[in-house]
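Written out below as structure tokens is the structure these notes cover.
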Amino acid sequence: MNDQYRVQDIISVMEELAPADMAESWDHVGLMIGDARAQIDKCMLALDANHEAIEACKAAGATMLVTHHPLLFAPIHTIDFQEPMGKNIRDIILNGIHVYAAHSNLDKVQGGVNTALARELGLLMPMTLEGAEIGVCGSLGNDILLRDYTQIVKSKLGTSGIILNTDQNPSVSRAFVQGGAFDESAIPILKLARVDVVVTGEMKHHHMLELEESGISVIIAGHESTERVVLPYLQKILKERLPKLSVEVFRGHNW
């Protein structure tokens, strides 16, 4: 076993990229289960600490699981092995897996979820918009018809389906991307910034209508599809910073 690295070394790299104090007040990030002092030689990256990711850790011999979505989000009062959450917690502990999550802090930070999504979708010179804590804006380089850009999004993200907020096919050139669930507080800022199209994972219907009436197209590409793009970027960062650490990405069944 490579004894050079400990769980804390991985945590330190993650929190240098996405400091825990950047997380929203409602969020729960950091070490979910485990011991920061424990030795580690193989790490798995996944969106969720679900049964499939835990089984992937077991198969690969990975004893640390870094996720985007927190395993322990809301308080739990019972660990029932007959329920999925209880079974997952039991399996994590019995197999000596340490679980760490970076959530809204990884959404906000440069180099996190939305930077990865912007790069994947071809945004040039991606930047944050003042007043919009989460999301990245950038140029697509040239005008492109919405339906054509929709096909690019679908292909790049490997998503099985797309939802649009319009039946029209306007030209778009300035895009705003926000992985996962759309934060409606950004809507006034998007209008001021003259954004043509928003790409996100999910959005409430009335917000889609509001943006349509403001001349802003919306491409809904799926929560998972718009967030999992960050995992290969995290893999690269961890390998660069901890070169003797084995880091794998759990891609799931739909990737």
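Naming works like this for the structure tokens: A, B, ... for the chains as they're shown, residue 1 at the start of each chain, ligands 1 onward in shown order.
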For this session: Would you list the contacts of Ile11 in chain A as a PyMOL selection string, taking every protein, DNA or RNA residue within 12 Å and counting only C-alpha atoms, but skipping same-chain residues closer than 4 positions in sequence?
Result: chain A and resi 5-7+15-20+29-32+34-38+40+43+64-67+98-102+238+241-242
For this session: Pick out each residue of range 14-252 of chain A that DSSP on the backbone tags as strand (DSSP E); I need them as a count of residues only.
Result: 58
Problem set entry | Pick from A:Gly158, A:Gly180, A:Pro70, A:Gly111, whichever lies nearest to Ala49 in chain A using only C-alpha atoms | A:Pro70
For this session: Would you list the contacts of range 140-149 of chain A as a ChimeraX atom specification, taking every protein, DNA or RNA residue within 12 Å and counting only C-alpha atoms, but skipping same-chain residues closer than 5 positions in sequence?
Result: /A:118-126,154-156,162-177,195-199,216-219
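For the pair CA of Ile76 in chain A and CA of Met44 in chain A, the interatomic distance is 24.8 Å.
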Problem set entry | Polymer residues at most 8 Å from Ile134 in chain A, only C-alpha atoms, same-chain spacing of 3 or more positions, as a ChimeraX atom specification | /A:107-108,114,128,178,183
Now that the selection is made, can you save its residues with all heavy atoms as a CSV table (one decimal), in the first residue's frame?
chain,number,residue,atom,x,y,z
A,107,ASP,N,-19.7,24.2,-7.2
A,107,ASP,CA,-20.5,24.9,-8.2
A,107,ASP,C,-20.0,26.4,-8.4
A,107,ASP,O,-20.0,26.9,-9.5
A,107,ASP,CB,-22.0,25.0,-7.8
A,107,ASP,CG,-22.7,23.6,-7.8
A,107,ASP,OD1,-22.3,22.8,-8.7
A,107,ASP,OD2,-23.6,23.4,-7.0
A,108,LYS,N,-19.7,27.0,-7.3
A,108,LYS,CA,-19.3,28.4,-7.3
A,108,LYS,C,-17.9,28.7,-7.9
A,108,LYS,O,-17.7,29.7,-8.5
A,108,LYS,CB,-19.4,29.0,-5.9
A,108,LYS,CG,-20.8,29.2,-5.4
A,108,LYS,CD,-20.7,29.8,-4.0
A,108,LYS,CE,-22.1,29.9,-3.3
A,108,LYS,NZ,-22.0,30.5,-2.0
A,114,ASN,N,-19.2,24.5,-13.2
A,114,ASN,CA,-19.6,25.4,-14.3
A,114,ASN,C,-18.5,25.8,-15.2
A,114,ASN,O,-18.8,26.0,-16.4
A,114,ASN,CB,-20.4,26.6,-13.7
A,114,ASN,CG,-21.7,26.2,-13.0
A,114,ASN,OD1,-22.6,25.6,-13.7
A,114,ASN,ND2,-21.8,26.3,-11.7
A,128,THR,N,-17.6,34.7,-14.8
A,128,THR,CA,-18.8,34.9,-14.0
A,128,THR,C,-19.5,36.2,-14.2
A,128,THR,O,-18.8,37.2,-14.7
A,128,THR,CB,-18.4,34.8,-12.5
A,128,THR,OG1,-17.5,35.8,-12.2
A,128,THR,CG2,-17.9,33.4,-12.2
A,178,GLN,N,-25.2,26.7,-16.2
A,178,GLN,CA,-25.3,26.5,-14.8
A,178,GLN,C,-25.7,25.0,-14.6
A,178,GLN,O,-26.8,24.7,-14.9
A,178,GLN,CB,-26.4,27.4,-14.2
A,178,GLN,CG,-26.4,27.4,-12.7
A,178,GLN,CD,-27.4,28.4,-12.1
A,178,GLN,OE1,-28.5,28.0,-11.7
A,178,GLN,NE2,-27.0,29.7,-12.0
A,183,ASP,N,-30.6,28.5,-10.6
A,183,ASP,CA,-30.9,29.4,-9.5
A,183,ASP,C,-31.6,30.6,-10.1
A,183,ASP,O,-31.0,31.4,-10.9
A,183,ASP,CB,-29.5,29.8,-8.9
A,183,ASP,CG,-29.7,30.9,-7.8
A,183,ASP,OD1,-30.9,31.2,-7.4
A,183,ASP,OD2,-28.7,31.4,-7.3
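Proximity to Ala186 in chain A was assessed for A:Glu212, A:Glu130, A:Glu227, A:Glu202 counting only C-alpha atoms; the smallest distance is recorded for A:Glu130.
With only C-alpha atoms taken into account, the protein and nucleic acid residues at most 9 Å from Lys244 in chain A (excluding it and anything under 5 positions from it in its own chain) are A:Asn2, A:Gln4, A:Tyr5, A:Asp41, A:Lys239.
Between Leu106 in chain A and the candidates A:Arg194, A:Leu211, A:Met85, A:Met22, the tightest atom-to-atom separation, counting only C-alpha atoms, involves A:Met22.
Across the model, the gap from CA of His103 in chain A to CA of Leu157 in chain A is 19.8 Å.
Nearest residue to Ile54 in chain A, choosing from A:Arg90, A:His206, A:His68, A:His28 and counting only C-alpha atoms: A:Arg90.
Note that the spacing between CA of Ile237 in chain A and CA of Leu47 in chain A amounts to 16.6 Å.
Nearest residue to Ala60 in chain A, choosing from A:Ile93, A:Asp27, A:Gly161, A:Val247 and counting only C-alpha atoms: A:Val247.
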Problem set entry | For Leu45 in chain A, the nearest of the candidates A:Leu231, A:Ile152, A:Leu71, A:Leu245, counting only C-alpha atoms | A:Leu231
